[in-house]
Each structure stands twice: as C-alpha cells, then as structure tokens.
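Next up, work-v8.txt (compact mmCIF, N, CA and C atoms):
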# COMPACT_ATOMS: atom_id res chain seq x y z
N MET X 833 -14.83 18.27 -8.76
CA MET X 833 -14.14 17.00 -8.90
C MET X 833 -12.95 16.98 -7.94
N ARG X 834 -12.83 15.91 -7.20
CA ARG X 834 -11.77 15.78 -6.22
C ARG X 834 -10.56 15.11 -6.84
N THR X 835 -9.38 15.66 -6.63
CA THR X 835 -8.16 15.05 -7.15
C THR X 835 -7.55 14.18 -6.07
N ARG X 836 -6.87 13.13 -6.51
CA ARG X 836 -6.25 12.21 -5.57
C ARG X 836 -4.81 12.64 -5.31
N GLN X 837 -4.42 12.61 -4.04
CA GLN X 837 -3.05 12.92 -3.67
C GLN X 837 -2.16 11.80 -4.19
N ARG X 838 -0.99 12.12 -4.65
CA ARG X 838 -0.08 11.13 -5.23
C ARG X 838 1.10 10.84 -4.31
N VAL X 839 1.55 9.60 -4.33
CA VAL X 839 2.76 9.18 -3.63
C VAL X 839 3.87 9.19 -4.67
N ARG X 840 4.96 9.87 -4.39
CA ARG X 840 6.03 10.03 -5.38
C ARG X 840 6.84 8.76 -5.56
N ASN X 841 7.14 8.48 -6.80
CA ASN X 841 8.03 7.40 -7.20
C ASN X 841 8.90 7.99 -8.30
N THR X 842 10.13 7.53 -8.43
CA THR X 842 11.00 8.10 -9.45
C THR X 842 10.49 7.81 -10.86
N ASP X 843 9.79 6.70 -11.06
CA ASP X 843 9.29 6.35 -12.38
C ASP X 843 7.83 6.73 -12.58
N ARG X 844 6.99 6.44 -11.58
CA ARG X 844 5.55 6.68 -11.70
C ARG X 844 5.02 7.17 -10.37
N ASP X 845 3.83 7.77 -10.42
CA ASP X 845 3.15 8.21 -9.21
C ASP X 845 2.01 7.26 -8.91
N PHE X 846 1.78 7.01 -7.63
CA PHE X 846 0.68 6.16 -7.21
C PHE X 846 -0.08 6.87 -6.10
N ALA X 847 -1.38 6.89 -6.24
CA ALA X 847 -2.23 7.46 -5.19
C ALA X 847 -2.22 6.51 -3.99
N PRO X 848 -2.36 7.05 -2.78
CA PRO X 848 -2.44 6.17 -1.61
C PRO X 848 -3.52 5.10 -1.77
N ALA X 849 -4.63 5.43 -2.42
CA ALA X 849 -5.69 4.44 -2.64
C ALA X 849 -5.20 3.27 -3.49
N ASP X 850 -4.27 3.52 -4.42
CA ASP X 850 -3.70 2.44 -5.23
C ASP X 850 -2.90 1.48 -4.36
N LEU X 851 -2.09 2.03 -3.48
CA LEU X 851 -1.26 1.22 -2.58
C LEU X 851 -2.12 0.43 -1.61
N VAL X 852 -3.10 1.09 -1.02
CA VAL X 852 -3.97 0.43 -0.04
C VAL X 852 -4.87 -0.60 -0.73
N GLY X 853 -5.42 -0.25 -1.87
CA GLY X 853 -6.27 -1.19 -2.60
C GLY X 853 -5.53 -2.46 -2.97
N PHE X 854 -4.28 -2.32 -3.40
CA PHE X 854 -3.44 -3.46 -3.73
C PHE X 854 -3.23 -4.34 -2.49
N ALA X 855 -2.95 -3.70 -1.36
CA ALA X 855 -2.73 -4.43 -0.11
C ALA X 855 -4.00 -5.17 0.32
N VAL X 856 -5.15 -4.53 0.16
CA VAL X 856 -6.42 -5.17 0.52
C VAL X 856 -6.67 -6.40 -0.35
N ARG X 857 -6.38 -6.29 -1.64
CA ARG X 857 -6.56 -7.44 -2.54
C ARG X 857 -5.67 -8.61 -2.17
N TRP X 858 -4.46 -8.33 -1.71
CA TRP X 858 -3.52 -9.38 -1.34
C TRP X 858 -3.65 -9.83 0.11
N HIS X 859 -4.43 -9.12 0.91
CA HIS X 859 -4.58 -9.44 2.33
C HIS X 859 -4.96 -10.90 2.59
N PRO X 860 -5.94 -11.48 1.88
CA PRO X 860 -6.32 -12.88 2.16
C PRO X 860 -5.19 -13.89 1.95
N TYR X 861 -4.16 -13.49 1.22
CA TYR X 861 -3.04 -14.38 0.91
C TYR X 861 -1.80 -14.08 1.75
N GLY X 862 -1.96 -13.26 2.76
CA GLY X 862 -0.83 -12.92 3.62
C GLY X 862 -0.01 -11.74 3.12
N GLY X 863 -0.49 -11.06 2.11
CA GLY X 863 0.21 -9.91 1.55
C GLY X 863 0.98 -10.29 0.30
N ALA X 864 1.25 -9.29 -0.51
CA ALA X 864 1.98 -9.50 -1.76
C ALA X 864 3.45 -9.77 -1.47
N ASP X 865 4.09 -10.53 -2.35
CA ASP X 865 5.52 -10.74 -2.21
C ASP X 865 6.27 -9.70 -3.05
N ALA X 866 7.58 -9.74 -2.95
CA ALA X 866 8.42 -8.73 -3.58
C ALA X 866 8.22 -8.68 -5.10
N SER X 867 8.04 -9.84 -5.73
CA SER X 867 7.90 -9.83 -7.19
C SER X 867 6.59 -9.18 -7.63
N GLU X 868 5.50 -9.39 -6.89
CA GLU X 868 4.22 -8.76 -7.22
C GLU X 868 4.30 -7.25 -7.07
N VAL X 869 4.94 -6.80 -6.00
CA VAL X 869 5.10 -5.36 -5.76
C VAL X 869 5.95 -4.74 -6.85
N LEU X 870 7.02 -5.41 -7.22
CA LEU X 870 7.90 -4.89 -8.26
C LEU X 870 7.17 -4.78 -9.60
N VAL X 871 6.41 -5.80 -9.96
CA VAL X 871 5.69 -5.78 -11.23
C VAL X 871 4.63 -4.68 -11.23
N CYS X 872 3.91 -4.53 -10.13
CA CYS X 872 2.80 -3.58 -10.09
C CYS X 872 3.26 -2.13 -9.93
N PHE X 873 4.24 -1.90 -9.05
CA PHE X 873 4.63 -0.54 -8.71
C PHE X 873 6.05 -0.15 -9.14
N GLY X 874 6.87 -1.13 -9.47
CA GLY X 874 8.24 -0.83 -9.88
C GLY X 874 9.14 -0.40 -8.73
N ILE X 875 8.79 -0.81 -7.51
CA ILE X 875 9.59 -0.48 -6.32
C ILE X 875 9.83 -1.75 -5.52
N ASN X 876 10.83 -1.70 -4.63
CA ASN X 876 11.11 -2.87 -3.83
C ASN X 876 10.11 -2.98 -2.67
N LEU X 877 10.12 -4.11 -2.02
CA LEU X 877 9.14 -4.41 -0.98
C LEU X 877 9.26 -3.46 0.21
N ARG X 878 10.47 -3.13 0.59
CA ARG X 878 10.68 -2.22 1.73
C ARG X 878 10.08 -0.84 1.44
N THR X 879 10.34 -0.32 0.25
CA THR X 879 9.79 0.99 -0.14
C THR X 879 8.28 0.94 -0.17
N TYR X 880 7.73 -0.16 -0.70
CA TYR X 880 6.28 -0.32 -0.70
C TYR X 880 5.74 -0.31 0.73
N GLY X 881 6.41 -1.01 1.63
CA GLY X 881 5.98 -1.03 3.03
C GLY X 881 5.97 0.35 3.65
N GLU X 882 6.98 1.14 3.36
CA GLU X 882 7.05 2.51 3.88
C GLU X 882 5.89 3.35 3.34
N ARG X 883 5.66 3.25 2.03
CA ARG X 883 4.59 4.04 1.41
C ARG X 883 3.21 3.55 1.84
N LEU X 884 3.06 2.25 2.00
CA LEU X 884 1.79 1.70 2.46
C LEU X 884 1.50 2.17 3.88
N HIS X 885 2.50 2.14 4.73
CA HIS X 885 2.32 2.59 6.12
C HIS X 885 1.90 4.05 6.15
N THR X 886 2.52 4.88 5.35
CA THR X 886 2.16 6.30 5.27
C THR X 886 0.72 6.46 4.76
N ALA X 887 0.37 5.70 3.74
CA ALA X 887 -0.99 5.78 3.18
C ALA X 887 -2.03 5.34 4.20
N LEU X 888 -1.74 4.29 4.96
CA LEU X 888 -2.70 3.80 5.96
C LEU X 888 -2.85 4.77 7.12
N ALA X 889 -1.81 5.53 7.41
CA ALA X 889 -1.87 6.50 8.51
C ALA X 889 -2.80 7.65 8.17
N ASP X 890 -3.02 7.89 6.88
CA ASP X 890 -3.91 8.96 6.43
C ASP X 890 -5.24 8.36 6.02
N SER X 891 -6.27 8.63 6.76
CA SER X 891 -7.58 8.02 6.46
C SER X 891 -8.20 8.58 5.19
N ALA X 892 -7.58 9.54 4.55
CA ALA X 892 -8.12 10.15 3.33
C ALA X 892 -7.88 9.30 2.08
N HIS X 893 -7.29 8.09 2.24
CA HIS X 893 -7.02 7.25 1.07
C HIS X 893 -8.30 6.77 0.41
N GLY X 894 -9.42 6.79 1.12
CA GLY X 894 -10.71 6.49 0.53
C GLY X 894 -11.07 5.03 0.38
N VAL X 895 -10.24 4.13 0.88
CA VAL X 895 -10.54 2.70 0.79
C VAL X 895 -11.27 2.29 2.06
N VAL X 896 -12.45 1.72 1.89
CA VAL X 896 -13.25 1.28 3.04
C VAL X 896 -12.86 -0.14 3.39
N MET X 897 -12.56 -0.37 4.67
CA MET X 897 -12.18 -1.71 5.12
C MET X 897 -12.51 -1.88 6.59
N LYS X 898 -12.58 -3.10 7.04
CA LYS X 898 -12.83 -3.38 8.44
C LYS X 898 -11.60 -2.99 9.25
N HIS X 899 -11.82 -2.67 10.52
CA HIS X 899 -10.71 -2.28 11.40
C HIS X 899 -9.68 -3.41 11.52
N GLU X 900 -10.15 -4.65 11.53
CA GLU X 900 -9.23 -5.79 11.65
C GLU X 900 -8.31 -5.87 10.43
N VAL X 901 -8.87 -5.60 9.26
CA VAL X 901 -8.05 -5.63 8.04
C VAL X 901 -7.04 -4.50 8.07
N ARG X 902 -7.47 -3.32 8.48
CA ARG X 902 -6.54 -2.18 8.58
C ARG X 902 -5.39 -2.51 9.54
N ASP X 903 -5.73 -3.09 10.69
CA ASP X 903 -4.70 -3.46 11.66
C ASP X 903 -3.73 -4.49 11.08
N ASP X 904 -4.28 -5.47 10.34
CA ASP X 904 -3.43 -6.48 9.69
C ASP X 904 -2.51 -5.84 8.66
N LEU X 905 -3.04 -4.88 7.89
CA LEU X 905 -2.23 -4.22 6.86
C LEU X 905 -1.13 -3.36 7.48
N ILE X 906 -1.43 -2.72 8.60
CA ILE X 906 -0.39 -1.95 9.29
C ILE X 906 0.71 -2.88 9.77
N ALA X 907 0.34 -4.03 10.34
CA ALA X 907 1.34 -5.00 10.79
C ALA X 907 2.17 -5.52 9.61
N TYR X 908 1.51 -5.78 8.48
CA TYR X 908 2.21 -6.22 7.27
C TYR X 908 3.19 -5.15 6.80
N ALA X 909 2.73 -3.90 6.75
CA ALA X 909 3.60 -2.80 6.31
C ALA X 909 4.79 -2.66 7.24
N ASP X 910 4.56 -2.77 8.54
CA ASP X 910 5.66 -2.69 9.51
C ASP X 910 6.66 -3.84 9.30
N ARG X 911 6.14 -5.01 9.04
CA ARG X 911 7.01 -6.19 8.86
C ARG X 911 7.87 -6.06 7.62
N ILE X 912 7.31 -5.62 6.50
CA ILE X 912 8.08 -5.61 5.25
C ILE X 912 8.99 -4.39 5.13
N ARG X 913 8.80 -3.40 5.94
CA ARG X 913 9.69 -2.23 5.82
C ARG X 913 10.89 -2.32 6.76
N GLN X 914 11.02 -3.43 7.44
CA GLN X 914 12.16 -3.65 8.34
C GLN X 914 13.43 -3.95 7.57

Could I get this file's structure written as structure tokens?
Amino acid sequence: MRTRQRVRNTDRDFAPADLVGFAVRWHPYGGADASEVLVCFGINLRTYGERLHTALADSAHGVVMKHEVRDDLIAYADRIRQ
C-alpha cells in the first residue's frame, strides 16, 4: 500500500493530490477564491498558491490532467502567491 506524502499545515495536513485536485475542480471557473480556499484548507490564498505550486512541481501528486490545464494551474498558483 502506497502512502501519500503530506503538505504541512499548522492545523491539518493535506496531500499534494488534495491541493491539485481542488485546483482542477475550480479550474473551469478561473480558480478558487480566498473564501473557498479558507473553508476547504484553513489557509490563506497566498499560502495555498505556494503549496499548490510546490505540489504541481512534483509529478508524484497522482492527478492526471492535460498539459494545458497543468500550465493554467501553474499560472494561477504564480498569480495568487504574489
């Protein structure tokens, strides 16, 4: 059985697949806003962007997506972590 690597949060841990999967679900709508990220992960948008960018850089997150979607998510992560 394979264990999932966790992304550290002071309150809860989230696997990179959780972060990426959330981003993929929100992709058609231009990405999640700060309130959705806060409700789902308990972190601010900038922190989510940093963690999402790190998760996307590691192909081991296990989420299958088109290259165009991955490129869009990287651009989204870069934009929100500014």

Hey, can you pull every residue with an atom no more than 6 Å from (0.9, -0.1, -7.6), using all atoms listed in the file, and send it as a ChimeraX atom specification?
-> /X:850-851,872-873

DSSP on the backbone, then: every residue of chain X marked helix (DSSP H, G or I), written as a PyMOL selection string.
-> chain X and resi 848-861+866-873+877-889+891-893+899-912

Could you tell me how far atom CA of Arg913 of chain X lies from atom CA of Gly894 of chain X, in Å and to one decimal?
-> 22.8 Å

Suppose you want the space between atom CA of Asp904 of chain X and atom N of Gly874 of chain X; what is it in Å?
-> 22.4 Å

Which polymer residues have any atom within 8 Å of an atom of segment 875-889 of chain X, counting only N, CA and C atoms, with same-chain residues fewer than 4 positions away left out, as a list in words?
-> Val839, Ala847, Pro848, Ala849, Leu851, Val852, Ala864, Asp865, Ala866, Ser867, Glu868, Val869, Leu870, Val871, His893, Arg902, Leu905, Ile906, Tyr908, Ala909, Asp910, Arg911, Ile912, Arg913 and Gln914 of chain X

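Interatomic distance, atom N of Val895 of chain X to atom CA of Gly853 of chain X: 7.5 Å.
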
Please identify all polymer residues within 8 Å of Gly863 of chain X, counting all atoms listed in the file, omitting same-chain residues fewer than 5 positions from it, and present them as a ChimeraX atom specification.
-> /X:854-858,908
